[in-house]
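> Next comes structure.cif, mmCIF, C-alpha atoms and all ligand atoms:
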```
data_upload
#
loop_
_atom_site.label_atom_id
_atom_site.label_comp_id
_atom_site.auth_asym_id
_atom_site.auth_seq_id
_atom_site.Cartn_x
_atom_site.Cartn_y
_atom_site.Cartn_z
CA MET L 190 35.91 -2.24 -10.14
CA ARG L 191 32.46 -3.58 -10.89
CA PRO L 192 30.80 -5.52 -8.07
CA HIS L 193 30.51 -9.27 -8.44
CA PRO L 194 27.22 -10.22 -10.20
CA VAL L 195 26.01 -12.16 -7.16
CA ASP L 196 26.58 -9.10 -4.98
CA ARG L 197 24.69 -6.99 -7.46
CA ILE L 198 21.78 -9.40 -7.39
CA ALA L 199 21.82 -9.55 -3.60
CA ARG L 200 21.55 -5.78 -3.47
CA LEU L 201 18.85 -5.78 -6.12
CA TRP L 202 16.90 -8.39 -4.19
CA GLN L 203 17.25 -6.40 -1.00
CA LYS L 204 15.93 -3.32 -2.75
CA LEU L 205 13.07 -5.32 -4.22
CA THR L 206 11.86 -6.88 -1.02
CA ASN L 207 13.39 -4.87 1.83
CA VAL L 208 14.46 -8.17 3.29
CA VAL L 209 16.02 -7.62 6.67
CA SER L 210 15.17 -10.71 8.65
CA LEU L 211 16.56 -13.51 6.52
CA GLY L 212 19.53 -15.48 7.76
CA CYS L 213 22.84 -15.17 5.95
CA ASP L 214 22.67 -18.66 4.47
CA VAL L 215 19.21 -18.03 3.10
CA LYS L 216 20.34 -14.72 1.66
CA LYS L 217 23.32 -16.36 -0.01
CA THR L 218 21.16 -19.14 -1.43
CA LEU L 219 18.64 -16.64 -2.65
CA ALA L 220 21.30 -14.40 -4.17
CA LEU L 221 22.91 -17.36 -5.87
CA ALA L 222 19.65 -18.64 -7.30
CA LEU L 223 18.74 -15.20 -8.53
CA GLY L 224 22.27 -14.55 -9.74
CA LEU L 225 22.17 -17.62 -11.91
CA SER L 226 18.92 -16.74 -13.56
CA LEU L 227 18.11 -13.11 -13.01
CA LEU L 228 21.09 -11.14 -14.31
CA GLY L 229 20.01 -8.02 -16.09
CA MET L 230 16.37 -8.37 -15.10
CA SER L 231 14.49 -5.23 -14.17
CA ALA L 232 13.78 -4.70 -10.48
CA ASN L 233 10.59 -2.81 -11.24
CA ALA L 234 7.66 -4.23 -9.32
CA THR L 235 4.18 -3.26 -10.46
CA THR L 236 1.71 -2.12 -7.84
CA VAL L 237 -1.64 -3.78 -8.48
CA PHE L 238 -3.40 -2.54 -5.35
CA SER L 239 -2.77 0.03 -2.63
CA ASP L 240 -4.84 1.67 0.07
CA ASN L 241 -3.63 4.01 2.80
CA PHE L 242 -7.22 4.63 3.95
CA ASP L 243 -6.61 8.38 3.82
CA ALA L 244 -9.52 8.93 1.40
CA ASN L 245 -11.88 8.04 4.25
CA ASN L 246 -13.28 10.33 6.89
CA TYR L 247 -12.93 9.52 10.56
CA GLY L 248 -15.75 7.25 11.67
CA LEU L 249 -16.42 4.72 14.37
CA ASN L 250 -18.05 1.46 13.25
CA THR L 251 -17.37 2.51 9.67
CA THR L 252 -16.18 0.26 6.84
CA PRO L 253 -13.49 1.90 4.66
CA LEU L 254 -14.25 2.74 1.03
CA GLY L 255 -13.68 -0.17 -1.32
CA TRP L 256 -13.88 -2.79 1.42
CA THR L 257 -16.66 -5.13 2.55
CA LEU L 258 -17.40 -5.83 6.19
CA ASN L 259 -17.58 -9.59 6.76
CA SER L 260 -18.29 -9.54 10.49
CA GLY L 261 -18.11 -7.36 13.58
CA SER L 262 -17.10 -3.76 12.94
CA VAL L 263 -14.01 -1.62 12.36
CA ASP L 264 -13.20 2.00 13.12
CA ILE L 265 -11.58 4.55 10.82
CA ILE L 266 -9.36 6.59 13.11
CA GLY L 267 -6.27 8.78 13.02
CA ASP L 268 -7.52 11.94 11.36
CA GLY L 269 -7.15 14.18 14.37
CA GLN L 270 -8.63 11.60 16.72
CA PHE L 271 -6.68 8.65 18.08
CA ALA L 272 -3.85 9.93 15.93
CA TRP L 273 -1.30 7.60 17.44
CA TYR L 274 0.62 7.02 14.24
CA GLY L 275 0.86 10.50 12.82
CA ALA L 276 -1.03 12.06 9.94
CA GLY L 277 -3.63 10.20 7.93
CA ASN L 278 -6.20 7.56 8.69
CA TYR L 279 -5.88 3.90 9.56
CA ILE L 280 -8.19 1.11 10.62
CA ASP L 281 -8.83 -0.17 14.12
CA MET L 282 -9.78 -3.76 13.38
CA ASN L 283 -12.00 -3.85 16.45
CA GLY L 284 -14.83 -1.40 16.01
CA SER L 285 -16.76 0.37 18.68
CA THR L 286 -19.45 -2.30 18.74
CA GLN L 287 -16.71 -4.21 20.55
CA VAL L 288 -16.97 -7.14 18.16
CA ALA L 289 -13.81 -8.12 16.29
CA GLY L 290 -13.92 -6.94 12.69
CA SER L 291 -13.17 -8.64 9.40
CA ILE L 292 -12.89 -6.76 6.09
CA SER L 293 -12.24 -7.88 2.53
CA THR L 294 -11.62 -6.39 -0.87
CA THR L 295 -11.41 -8.09 -4.24
CA LEU L 296 -8.33 -7.57 -6.41
CA THR L 297 -8.61 -8.05 -10.15
CA GLY L 298 -6.19 -8.07 -13.06
CA LEU L 299 -3.92 -10.67 -11.47
CA VAL L 300 -2.06 -13.36 -13.39
CA ALA L 301 -2.80 -16.90 -12.29
CA GLY L 302 0.33 -18.57 -10.97
CA ALA L 303 2.28 -15.31 -10.71
CA SER L 304 4.11 -14.21 -7.56
CA TYR L 305 3.03 -11.16 -5.61
CA ALA L 306 3.99 -9.41 -2.41
CA LEU L 307 1.45 -8.27 0.16
CA ASP L 308 2.66 -5.33 2.26
CA PHE L 309 0.96 -3.65 5.18
CA ASP L 310 1.64 -1.79 8.40
CA VAL L 311 0.24 -3.06 11.66
CA GLY L 312 0.14 -1.23 14.96
CA PHE L 313 -0.92 -1.94 18.46
CA ASN L 314 -4.07 -0.29 19.67
CA ASN L 315 -3.61 1.91 22.69
CA GLY L 316 -6.08 0.17 24.95
CA SER L 317 -5.91 -3.33 23.59
CA GLY L 318 -3.59 -5.16 25.94
CA ASN L 319 -1.02 -7.62 24.69
CA ASN L 320 -3.14 -10.24 23.02
CA GLU L 321 -3.85 -8.61 19.69
CA LYS L 322 -3.42 -10.52 16.47
CA LEU L 323 -4.14 -9.60 12.86
CA SER L 324 -5.02 -12.34 10.40
CA TYR L 325 -4.55 -11.91 6.66
CA SER L 326 -5.30 -14.03 3.62
CA ILE L 327 -5.04 -13.78 -0.14
CA GLY L 328 -4.25 -16.37 -2.80
CA THR L 329 -1.95 -19.02 -1.36
CA LEU L 330 -1.26 -16.88 1.70
CA SER L 331 -3.02 -17.27 5.00
CA GLY L 332 -1.68 -16.40 8.42
CA SER L 333 -1.77 -14.15 11.41
CA TYR L 334 0.60 -11.91 13.25
CA GLY L 335 0.59 -10.80 16.86
CA PRO L 336 2.60 -7.67 17.58
CA PRO L 337 5.31 -8.22 20.19
CA ILE L 338 4.49 -7.01 23.65
CA ALA L 339 7.24 -4.42 23.33
CA SER L 340 5.43 -2.74 20.44
CA GLY L 341 4.30 0.69 21.43
CA ASN L 342 1.49 2.62 19.86
CA SER L 343 3.79 5.15 18.25
CA THR L 344 5.37 2.79 15.75
CA PHE L 345 4.00 0.78 12.89
CA LEU L 346 5.49 -2.58 12.09
CA HIS L 347 5.84 -3.12 8.37
CA LEU L 348 5.16 -6.66 7.19
CA ARG L 349 5.66 -8.26 3.79
CA PHE L 350 4.49 -11.66 2.67
CA ALA L 351 4.68 -13.47 -0.63
CA PHE L 352 1.80 -15.24 -2.31
CA ILE L 353 0.87 -16.76 -5.62
CA ALA L 354 -2.36 -15.80 -7.33
CA GLY L 355 -4.66 -18.73 -8.00
CA GLY L 356 -6.62 -16.84 -10.66
CA THR L 357 -7.13 -13.43 -12.21
CA SER L 358 -8.88 -12.16 -9.09
CA ALA L 359 -8.31 -12.72 -5.40
CA VAL L 360 -10.01 -11.73 -2.17
CA LEU L 361 -7.79 -9.93 0.31
CA THR L 362 -9.04 -10.28 3.88
CA PHE L 363 -7.87 -8.83 7.18
CA ALA L 364 -9.43 -9.70 10.52
CA ASP L 365 -8.93 -9.06 14.22
CA ALA L 366 -7.93 -12.51 15.46
CA GLY L 367 -6.82 -11.48 18.94
CA ASN L 368 -7.76 -13.03 22.24
CA THR L 369 -9.55 -9.93 23.43
CA PRO L 370 -12.31 -9.53 20.84
CA ASN L 371 -14.65 -7.48 23.00
CA ASP L 372 -12.34 -4.75 24.23
CA ASN L 373 -12.95 -2.20 21.47
CA GLY L 374 -9.25 -2.28 20.55
CA GLY L 375 -7.77 -4.35 17.76
CA PRO L 376 -4.68 -4.29 15.60
CA ILE L 377 -4.28 -1.07 13.62
CA LEU L 378 -3.98 -1.53 9.85
CA ASP L 379 -2.56 0.90 7.30
CA ASN L 380 -0.70 1.18 3.99
CA VAL L 381 -1.88 -2.02 2.37
CA SER L 382 -0.40 -2.81 -1.02
CA VAL L 383 0.02 -5.69 -3.41
CA THR L 384 2.80 -5.69 -5.98
CA ALA L 385 3.65 -8.08 -8.76
CA VAL L 386 7.12 -9.46 -8.18
CA PRO L 387 8.88 -10.24 -11.44
CA VAL L 388 10.98 -13.22 -10.42
CA PRO L 389 11.74 -16.33 -12.49
CA ALA L 390 10.63 -19.81 -11.47
CA ALA L 391 13.59 -20.51 -9.17
CA GLY L 392 13.24 -17.21 -7.36
CA GLY L 393 9.48 -17.60 -7.20
CA LEU L 394 9.80 -20.95 -5.51
CA LEU L 395 12.20 -19.55 -2.97
CA LEU L 396 9.96 -16.56 -2.43
CA SER L 397 6.90 -18.70 -1.77
CA ALA L 398 8.88 -21.13 0.37
CA LEU L 399 9.98 -18.30 2.57
CA GLY L 400 6.40 -17.20 3.14
CA GLY L 401 6.76 -14.12 5.24
CA VAL L 402 10.01 -12.68 4.10
CA ALA L 403 10.47 -9.43 5.84
CA MET L 404 9.66 -7.67 9.02
CA LEU L 405 11.04 -4.28 9.68
CA ARG L 406 10.20 -1.51 11.97
CA ARG L 407 9.36 1.72 10.35
CA ARG L 408 9.50 4.96 12.17
CA LYS L 409 6.21 6.72 12.31
CA LYS L 410 5.67 9.36 9.70
CA ALA L 411 6.26 12.91 10.73
CA CA J 1 -3.14 5.99 6.34
CA CA J 2 -12.29 0.38 18.35
CA CA J 3 -8.84 -6.59 21.24
#
```
Produce structure tokens that represent the structure in this file.


Amino acid sequence: MRPHPVDRIARLWQKLTNVVSLGCDVKKTLALALGLSLLGMSANATTVFSDNFDANNYGLNTTPLGWTLNSGSVDIIGDGQFAWYGAGNYIDMNGSTQVAGSISTTLTGLVAGASYALDFDVGFNNGSGNNEKLSYSIGTLSGSYGPPIASGNSTFLHLRFAFIAGGTSAVLTFADAGNTPNDNGGPILDNVSVTAVPVPAAGGLLLSALGGVAMLRRRKKA
């Protein structure tokens, strides 16, 4: 027996966004809205930007390739040194000058008014205490996230937020916004990506209204 169309859309939406934190009512509303207007639509999301920072070499007070340092400094760590999260490099948003860092990169080829998802992993620096916070902004999106105190340094938290592009280009910015800016330890950033989310107007409105739509823990890579 074929699944009910709304169930199919709910599953498709889950696959599309990895939504795990929405309440049941919201999920139902979302599935219904999508079910009414999205039947048969492809779930393919186009990646318009991604950076896992693995093309960089380890370096303290070093700005990753393709990014601009706005203030302070950041460290590129993980490649054999401070390898708290497994293989590959990631960014300590508080460099070894002990001034909170801010980095930006400019995305192009966007469609004004279109919906996108910003994904990234954030970790908790080993010596940073419990007051770390990572701020992020792009397009209509602006916010910050402080890892829960329970977060250890062996697990990345995967975050996803929706935004709408205001033009064909947009500046993506991350910054250490914690309360301990001079401790040489900031949030750890990795696996940044932006994908175009092909949803119709109704779904797009819901997506933007939800703002941050998903938070899920991801086991560290082997
Ligand atoms: Ca990486
Ligand atoms: Ca540091
Ligand atoms: Ca800090």

> Around ligand CA 1 (chain J), which protein and nucleic acid residues have at least one atom no more than 12 Å from it, if we count all atoms listed in the file? List them as a PyMOL selection string.

chain L and resi 239-247+253+265-268+272-281+309-312+345+377-382+409-410

> Grab the atom CA of L:Asn371 to atom CA of L:Ser326 distance for me, in Å with one decimal place.

22.5 Å

> From the set L:Ser285, L:Ser304, L:Ser333, L:Asn368, which residue has the shortest atom-to-atom contact distance to ligand CA 3 (chain J), counting all atoms listed in the file?

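Of L:Ser285, L:Ser304, L:Ser333, L:Asn368, the one nearest ligand CA 3 (chain J), counting all atoms listed in the file, is L:Asn368.
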
> So, with all atoms listed in the file as the atoms that count, which of L:Leu299, L:Val237, L:Leu307, L:Leu254 lies closest to L:His347?

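Using all atoms listed in the file, the shortest distance to L:His347 belongs to L:Leu307.
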
> So that I can check the surroundings of L:Phe363, please list as a list in words every protein, DNA and RNA residue that reaches within 7 Å of it, counting all atoms listed in the file and ignoring chain neighbours fewer than 2 positions away.

Ser291, Ile292, Ser293, Leu323, Ser324, Tyr325, Ser326 and Leu361 of chain L

> Could you tell me how far atom CA of L:Gly261 lies from atom CA of L:Gly374, in Å and to one decimal?

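Separation of atom CA of L:Gly261 and atom CA of L:Gly374: 12.4 Å.
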
> Per residue of chain L within 7 Å of ligand CA 2 (chain J), record the nearest atom pair and its distance in Å to one decimal, counting all atoms listed in the file, with rows in chain order and ascending residue number, as JSON lines.


```
{"residue": "L:Val263", "atom": "CA", "partner": "J:CA2", "partner_atom": "CA", "distance": 6.5}
{"residue": "L:Asp264", "atom": "CA", "partner": "J:CA2", "partner_atom": "CA", "distance": 5.6}
{"residue": "L:Asp281", "atom": "CA", "partner": "J:CA2", "partner_atom": "CA", "distance": 5.5}
{"residue": "L:Met282", "atom": "CA", "partner": "J:CA2", "partner_atom": "CA", "distance": 6.9}
{"residue": "L:Asn283", "atom": "CA", "partner": "J:CA2", "partner_atom": "CA", "distance": 4.6}
{"residue": "L:Gly284", "atom": "CA", "partner": "J:CA2", "partner_atom": "CA", "distance": 3.9}
{"residue": "L:Ser285", "atom": "CA", "partner": "J:CA2", "partner_atom": "CA", "distance": 4.5}
{"residue": "L:Gln287", "atom": "CA", "partner": "J:CA2", "partner_atom": "CA", "distance": 6.7}
{"residue": "L:Asn373", "atom": "CA", "partner": "J:CA2", "partner_atom": "CA", "distance": 4.1}
{"residue": "L:Gly374", "atom": "CA", "partner": "J:CA2", "partner_atom": "CA", "distance": 4.6}
{"residue": "L:Gly375", "atom": "CA", "partner": "J:CA2", "partner_atom": "CA", "distance": 6.6}
```

> Excluding same-chain residues fewer than 2 positions from L:Lys322, what lies within 7 Å of it counting all atoms listed in the file, as a ChimeraX atom specification?

/L:320,324,333-336,365-367,376

> In Å, with one decimal, what is the gap from atom CA of L:Pro387 to atom CA of L:Thr236?

11.4 Å

> Using only C-alpha atoms and all ligand atoms, which of L:Thr384, L:Thr344, L:Thr286, L:Ser358 sits nearest ligand CA 3 (chain J)?

L:Thr286

> How big is the axis-aligned box, and where does its centre sit, when it encloses all atoms of stretch 251-269 of chain L listed in the file and has 4 Å added on every side, reported in Å to one decimal as AutoDock Vina command-line options?


```
--center_x -12.3 --center_y 2.3 --center_z 6.5 --size_x 20.0 --size_y 31.8 --size_z 23.7
```

> With only C-alpha atoms and all ligand atoms as the atoms that count, which of L:Ala306, L:Ala364, L:Val386, L:Leu348 lies nearest to ligand CA 3 (chain J)?

L:Ala364

> Restricting the calculation to only C-alpha atoms, which member of L:Thr295, L:Ser331, L:Thr369, L:Thr252 is positioned closest to L:Phe238?

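Ranked by minimum distance to L:Phe238, first place goes to L:Thr295.
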
> Taking into account all atoms listed in the file, which residue in the set L:Val383, L:Val288, L:Ala359, L:Leu346 is nearest to ligand CA 3 (chain J)?

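Checking each of L:Val383, L:Val288, L:Ala359, L:Leu346 against ligand CA 3 (chain J), counting all atoms listed in the file, the winner is L:Val288.
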